$ cat upload.cif   # mmCIF, C-alpha atoms
data_protein
#
loop_
_atom_site.label_atom_id
_atom_site.label_comp_id
_atom_site.auth_asym_id
_atom_site.auth_seq_id
_atom_site.Cartn_x
_atom_site.Cartn_y
_atom_site.Cartn_z
CA MET A 1 114.22 104.64 97.00
CA THR A 2 117.25 103.63 99.03
CA THR A 3 116.81 102.71 102.68
CA ASP A 4 118.56 105.90 103.79
CA ALA A 5 116.34 108.04 101.57
CA ALA A 6 113.21 106.29 102.83
CA VAL A 7 114.23 106.87 106.43
CA GLN A 8 114.83 110.56 105.72
CA ASP A 9 111.42 110.86 104.01
CA PRO A 10 109.09 108.78 106.21
CA LEU A 11 105.33 108.54 105.86
CA VAL A 12 103.78 109.17 109.28
CA ILE A 13 100.23 108.01 110.00
CA GLY A 14 98.74 107.99 113.46
CA GLY A 15 102.15 108.66 114.97
CA LYS A 16 103.69 105.62 113.22
CA ALA A 17 106.58 106.24 110.80
CA LEU A 18 106.61 104.01 107.72
CA THR A 19 109.51 103.66 105.30
CA SER A 20 107.31 102.07 102.61
CA ARG A 21 104.55 104.02 100.86
CA PHE A 22 103.04 100.84 99.39
CA PHE A 23 99.88 99.55 101.11
CA LEU A 24 99.08 96.07 99.80
CA GLY A 25 95.95 93.95 99.89
CA THR A 26 96.01 90.24 100.75
CA GLY A 27 93.07 88.94 98.72
CA ARG A 28 92.66 87.30 95.31
CA TYR A 29 96.15 85.79 94.98
CA PRO A 30 96.34 82.37 93.31
CA ASN A 31 97.87 80.75 96.43
CA PRO A 32 99.58 81.67 99.74
CA TYR A 33 103.08 81.23 98.31
CA VAL A 34 102.51 83.80 95.57
CA GLN A 35 100.84 86.12 98.09
CA ASN A 36 103.84 85.95 100.42
CA GLU A 37 106.37 86.45 97.64
CA ALA A 38 104.46 89.47 96.32
CA ILE A 39 104.35 90.97 99.81
CA ARG A 40 108.04 90.26 100.32
CA VAL A 41 109.25 91.95 97.11
CA SER A 42 106.84 94.86 97.58
CA GLU A 43 108.48 95.69 100.93
CA ALA A 44 105.04 96.86 102.09
CA GLU A 45 104.68 97.43 105.81
CA VAL A 46 100.90 97.90 105.85
CA LEU A 47 98.62 95.05 104.76
CA THR A 48 94.90 95.40 104.27
CA PHE A 49 92.11 92.81 104.21
CA ALA A 50 88.36 92.57 104.67
CA ILE A 51 87.40 91.88 108.27
CA ARG A 52 84.52 89.72 107.07
CA ARG A 53 87.12 87.30 105.65
CA ILE A 54 88.94 86.90 108.99
CA ASN A 55 88.14 84.51 111.84
CA LEU A 56 88.03 87.07 114.63
CA GLU A 57 87.87 84.38 117.31
CA GLU A 58 91.36 83.12 116.33
CA PRO A 59 92.89 85.85 114.12
CA GLU A 60 96.46 84.62 114.61
CA ASP A 61 95.46 81.24 113.12
CA ASP A 62 93.40 82.65 110.27
CA ALA A 63 94.37 81.32 106.83
CA ILE A 64 94.98 84.84 105.51
CA LEU A 65 97.27 85.97 108.32
CA HIS A 66 99.09 82.98 109.76
CA HIS A 67 101.38 82.67 106.73
CA LEU A 68 102.69 86.20 107.29
CA ASP A 69 105.42 85.44 109.80
CA PHE A 70 108.48 86.71 107.92
CA LYS A 71 108.32 90.31 109.19
CA PRO A 72 106.18 92.53 111.43
CA PHE A 73 103.32 94.30 109.70
CA THR A 74 100.80 96.99 110.50
CA TYR A 75 97.38 95.54 109.73
CA LEU A 76 94.77 97.79 108.14
CA PRO A 77 91.50 95.80 108.25
CA ASN A 78 88.69 97.23 106.18
CA THR A 79 84.92 97.32 106.56
CA SER A 80 84.20 96.06 103.03
CA GLY A 81 80.62 94.80 102.84
CA ALA A 82 79.22 97.51 105.10
CA SER A 83 76.47 99.64 103.61
CA THR A 84 75.88 101.98 106.56
CA ALA A 85 77.97 103.81 109.13
CA GLU A 86 76.48 101.65 111.88
CA GLU A 87 77.63 98.46 110.16
CA ALA A 88 81.13 99.83 109.61
CA VAL A 89 81.46 100.95 113.22
CA ARG A 90 80.28 97.57 114.51
CA ILE A 91 82.79 95.72 112.29
CA ALA A 92 85.63 98.00 113.40
CA ARG A 93 84.82 97.51 117.08
CA MET A 94 84.80 93.74 116.63
CA ALA A 95 88.21 93.84 114.94
CA ARG A 96 89.74 95.91 117.73
CA ALA A 97 88.18 93.75 120.44
CA SER A 98 89.80 90.70 118.86
CA GLY A 99 93.23 92.35 119.20
CA LEU A 100 93.64 92.59 115.45
CA SER A 101 94.31 96.33 115.06
CA ASP A 102 93.17 99.80 116.01
CA TRP A 103 93.82 100.93 112.43
CA ILE A 104 90.70 100.75 110.29
CA LYS A 105 89.95 101.45 106.65
CA VAL A 106 86.36 102.68 106.47
CA GLU A 107 84.84 101.28 103.31
CA ILE A 108 81.09 101.75 102.86
CA SER A 109 79.43 101.08 99.51
CA ALA A 110 75.72 101.44 98.89
CA ASN A 111 75.81 100.33 95.25
CA GLU A 112 77.04 96.79 94.56
CA ARG A 113 77.50 97.51 90.85
CA THR A 114 79.87 100.47 91.16
CA LEU A 115 81.16 99.92 94.72
CA LEU A 116 81.55 103.68 94.94
CA PRO A 117 81.88 104.91 98.53
CA ASP A 118 78.82 106.41 100.21
CA PRO A 119 79.98 109.92 101.17
CA LEU A 120 77.53 110.63 104.00
CA GLU A 121 77.86 107.25 105.69
CA THR A 122 81.65 107.32 105.32
CA LEU A 123 81.83 110.73 106.98
CA ARG A 124 79.58 109.60 109.85
CA ALA A 125 81.59 106.43 110.47
CA THR A 126 84.85 108.38 110.39
CA GLU A 127 83.60 110.84 113.01
CA ILE A 128 82.44 108.06 115.34
CA LEU A 129 85.52 105.86 115.03
CA ALA A 130 87.98 108.75 115.31
CA SER A 131 86.23 109.85 118.52
CA GLU A 132 86.75 106.32 119.87
CA GLY A 133 90.49 106.43 119.28
CA PHE A 134 90.74 104.44 116.05
CA ILE A 135 93.38 105.32 113.45
CA VAL A 136 90.85 105.92 110.67
CA LEU A 137 91.71 105.80 106.98
CA PRO A 138 88.47 106.31 105.02
CA TYR A 139 88.16 105.21 101.41
CA THR A 140 86.33 107.92 99.52
CA SER A 141 85.75 109.48 96.12
CA ASP A 142 88.08 112.05 94.58
CA ASP A 143 85.91 114.95 95.80
CA PRO A 144 88.25 117.61 97.28
CA ILE A 145 85.57 119.01 99.60
CA LEU A 146 84.64 115.60 100.98
CA CYS A 147 88.29 114.68 101.50
CA LYS A 148 88.74 117.87 103.54
CA ARG A 149 85.63 117.11 105.60
CA LEU A 150 86.99 113.62 106.37
CA GLU A 151 90.27 115.16 107.52
CA GLU A 152 88.35 117.56 109.77
CA ALA A 153 86.34 114.62 111.13
CA GLY A 154 89.53 113.07 112.47
CA ALA A 155 90.84 110.85 109.68
CA ALA A 156 94.53 110.00 110.15
CA ALA A 157 94.86 109.76 106.37
CA VAL A 158 92.37 110.07 103.52
CA MET A 159 92.17 107.53 100.69
CA PRO A 160 90.54 108.85 97.51
CA GLY A 161 90.05 106.44 94.64
CA GLY A 162 91.64 107.06 91.26
CA ALA A 163 88.74 105.15 89.67
CA PRO A 164 86.15 102.58 90.84
CA ILE A 165 87.54 99.54 92.68
CA GLY A 166 89.09 96.88 90.47
CA THR A 167 88.56 98.71 87.17
CA GLY A 168 92.21 99.41 86.40
CA LEU A 169 91.18 102.63 84.66
CA GLY A 170 93.92 104.69 86.30
CA ILE A 171 93.49 108.21 87.61
CA LEU A 172 90.37 109.56 85.93
CA ASN A 173 90.64 113.06 87.39
CA PRO A 174 94.23 114.13 88.07
CA TYR A 175 93.07 117.72 88.58
CA ASN A 176 90.92 116.73 91.55
CA LEU A 177 93.67 114.59 93.04
CA GLY A 178 96.08 117.51 92.77
CA LEU A 179 93.61 119.74 94.61
CA ILE A 180 93.12 117.14 97.34
CA VAL A 181 96.87 116.89 97.91
CA GLU A 182 97.29 120.66 97.87
CA GLU A 183 94.67 121.21 100.58
CA ALA A 184 95.45 118.22 102.80
CA LYS A 185 97.16 118.37 106.17
CA VAL A 186 97.07 114.58 106.55
CA PRO A 187 98.57 111.95 104.22
CA ILE A 188 96.71 111.19 101.00
CA ILE A 189 96.81 107.53 99.94
CA VAL A 190 95.40 106.80 96.48
CA ASP A 191 93.19 103.74 96.79
CA ALA A 192 91.38 101.87 94.00
CA GLY A 193 91.24 101.94 90.23
CA LEU A 194 94.94 101.89 89.43
CA GLY A 195 96.16 99.25 87.01
CA SER A 196 99.78 99.76 86.06
CA ALA A 197 103.11 101.14 87.18
CA ALA A 198 102.41 104.21 85.03
CA ASP A 199 99.22 104.91 87.03
CA VAL A 200 101.15 104.55 90.29
CA ALA A 201 103.94 106.87 89.19
CA GLN A 202 101.36 109.47 88.10
CA ALA A 203 99.65 109.33 91.49
CA MET A 204 102.94 109.84 93.30
CA GLU A 205 104.05 112.63 90.96
CA LEU A 206 100.78 114.44 91.72
CA GLY A 207 101.88 114.48 95.34
CA ALA A 208 100.09 111.48 96.84
CA ASP A 209 101.80 110.17 99.95
CA GLY A 210 101.24 106.53 99.10
CA VAL A 211 99.24 103.99 97.13
CA LEU A 212 96.99 101.12 98.22
CA MET A 213 96.24 98.30 95.81
CA ASN A 214 95.26 94.67 95.65
CA THR A 215 93.74 93.56 92.35
CA PRO A 216 96.42 95.05 90.03
CA VAL A 217 99.02 92.93 91.82
CA ALA A 218 97.07 89.82 92.81
CA LYS A 219 95.39 89.33 89.42
CA ALA A 220 98.42 90.20 87.27
CA VAL A 221 99.82 87.42 85.09
CA ASP A 222 102.88 87.48 87.38
CA PRO A 223 101.82 88.98 90.73
CA VAL A 224 105.33 88.88 92.21
CA GLN A 225 106.90 90.73 89.30
CA MET A 226 104.03 93.24 89.30
CA ALA A 227 104.44 93.87 93.03
CA TYR A 228 108.08 94.71 92.45
CA ALA A 229 107.21 96.96 89.50
CA MET A 230 104.67 98.85 91.61
CA LYS A 231 107.22 99.28 94.40
CA LEU A 232 109.70 100.84 91.97
CA ALA A 233 107.02 103.07 90.45
CA ILE A 234 106.06 104.40 93.90
CA GLU A 235 109.70 105.18 94.67
CA ALA A 236 110.35 106.79 91.28
CA GLY A 237 107.16 108.86 91.43
CA ARG A 238 107.97 110.07 94.93
CA LEU A 239 111.51 111.06 93.99
CA SER A 240 110.23 112.84 90.87
CA TYR A 241 107.69 114.78 92.95
CA LEU A 242 110.32 115.81 95.49
CA ALA A 243 112.80 116.77 92.74
CA GLY A 244 110.27 119.10 91.08
CA ARG A 245 109.38 118.71 87.42
CA ILE A 246 109.98 121.41 84.82
CA PRO A 247 106.94 123.53 83.92
CA LYS A 248 104.96 122.54 80.84
CA ARG A 249 105.39 124.93 77.91
CA LYS A 250 103.47 125.42 74.71
CA TYR A 251 106.58 125.84 72.53
CA ALA A 252 110.02 124.28 72.37
CA THR A 253 112.92 125.53 74.47
CA ALA A 254 116.44 124.69 73.32
CA SER A 255 118.48 122.72 75.82
CA SER A 256 121.75 123.03 73.92
CA GLY A 257 122.29 126.78 74.26
CA TYR A 258 121.00 127.54 70.75
CA ASP A 259 120.47 131.27 71.40
CA GLU A 260 123.96 131.65 72.85
CA TRP A 261 125.49 129.82 69.85
CA LYS A 262 123.55 132.07 67.43
CA VAL A 263 124.93 135.23 69.06
CA LYS A 264 128.51 133.93 68.98
CA GLY A 265 128.15 132.85 65.37
#
$ encode --input "upload.cif" --output "C-alpha cells"
Amino acid sequence: MTTDAAVQDPLVIGGKALTSRFFLGTGRYPNPYVQNEAIRVSEAEVLTFAIRRINLEEPEDDAILHHLDFKPFTYLPNTSGASTAEEAVRIARMARASGLSDWIKVEISANERTLLPDPLETLRATEILASEGFIVLPYTSDDPILCKRLEEAGAAAVMPGGAPIGTGLGILNPYNLGLIVEEAKVPIIVDAGLGSAADVAQAMELGADGVLMNTPVAKAVDPVQMAYAMKLAIEAGRLSYLAGRIPKRKYATASSGYDEWKVKG
C-alpha cells in the first residue's frame, strides 16, 4: 500500500493512528542485526515482546529494546507466562510503572502444551486493566461471542488466533473469523498460528484490521525476506478487501461477452 493510501486508510487503536497494519514480535531472531533488518523492511510501527524477558529496572538499556533506535515505535508488551488474571494484571502494572507502555497485550494460557488462551481469565484481566486506563489488546480464541464480550469489557482491539501459537497452521476457521469481523466495533488483529503470506492475505481479505506475528518471520530461513513478504501480503489483502471480491458461483460465467456474441452471430 502506498504511503498516501495508508494515510487515507489508517488503523486507529486507543486514539493512535497507525499507517502500518503489521504488528511484529521481537523474539526468536538469530541475532539483533537480523531482527532490526526484519523490523525495518516490515515497516511495522507496533512491536510486541514478553514483559518477563525485559529488565524493567532499566528498560531503555535492555538487550531487546536498546537496538531499536532507528525509528519511534509503539511498544505492545505482553503478559506471556501468566496463568491467571491476577498475574497478568500485576505484570501489566509493573510494565506501566517502569515507563515502558500503557498498551498491553493480555496473554493468559492455562495449558502449556497448547498455549490456548484461558477465556475466563482473559476476560477478567481485560475488564480490570481497561478500567485502569490501559490500552488493552487481549489475545483470545476465534470464538465470536467471547470476542464480543472482550470488546464490551473495554478492549481497544481484540486479537483472535488463527490457530495455536507457533503452529503455522493458518486460519483454521475462516467462518468464525468472518463473524468476528462482522460484529466488531473495535479493530480485529489476527494473532497466532499464521505461517505464510497466503495465510496473511486470507486474514486481511476476511476483513481483519491487522496481523500480529513473530515466529513465522523470526524462524523463517530468511527472516528479512519473509518480513517483507508478509508486509506486502497485508497490503494486498487489505486492498483486495476494500476493493470487494466477486461473489463465488457454482457455474462458469463468460467474461468475454459470449451471450452477446451468440445473439449477434
$ resolve_selection --input "upload.cif" --expression "the PyMOL selection byres ((chain A and resi 28) around 12)" --output "PyMOL selection string"
chain A and resi 24-27+29-32+34-35+49-50+53+64+166+213-220+223
$ closest_residue --input "upload.cif" --among "A:Pro160, A:Pro72, A:Gly14, A:Gly210" --to "Gly133 of chain A" --atoms "all atoms listed in the file"
A:Gly14
$ residues_around --input "upload.cif" --residues "Pro119 of chain A" --least-positions-apart "2" --cutoff "8 Å" --atoms "only C-alpha atoms" --output "PyMOL selection string"
chain A and resi 117+121-123+140-141+146
$ closest_residue --input "upload.cif" --among "A:Ala201, A:Leu212, A:Ala252, A:Leu116" --to "Met159 of chain A" --atoms "all atoms listed in the file"
A:Leu212
$ residues_near_point --input "upload.cif" --point "(86.9, 112.9, 110.6)" --cutoff "9 Å" --atoms "only C-alpha atoms" --output "short mmCIF file (atom, residue, chain, number, x, y, z; two decimals) with C-alpha atoms, keeping the file's coordinate frame"
data_model
loop_
_atom_site.label_atom_id
_atom_site.label_comp_id
_atom_site.auth_asym_id
_atom_site.auth_seq_id
_atom_site.Cartn_x
_atom_site.Cartn_y
_atom_site.Cartn_z
CA LEU A 123 81.83 110.73 106.98
CA ARG A 124 79.58 109.60 109.85
CA ALA A 125 81.59 106.43 110.47
CA THR A 126 84.85 108.38 110.39
CA GLU A 127 83.60 110.84 113.01
CA ILE A 128 82.44 108.06 115.34
CA LEU A 129 85.52 105.86 115.03
CA ALA A 130 87.98 108.75 115.31
CA SER A 131 86.23 109.85 118.52
CA VAL A 136 90.85 105.92 110.67
CA PRO A 138 88.47 106.31 105.02
CA LYS A 148 88.74 117.87 103.54
CA ARG A 149 85.63 117.11 105.60
CA LEU A 150 86.99 113.62 106.37
CA GLU A 151 90.27 115.16 107.52
CA GLU A 152 88.35 117.56 109.77
CA ALA A 153 86.34 114.62 111.13
CA GLY A 154 89.53 113.07 112.47
CA ALA A 155 90.84 110.85 109.68
CA ALA A 156 94.53 110.00 110.15
#
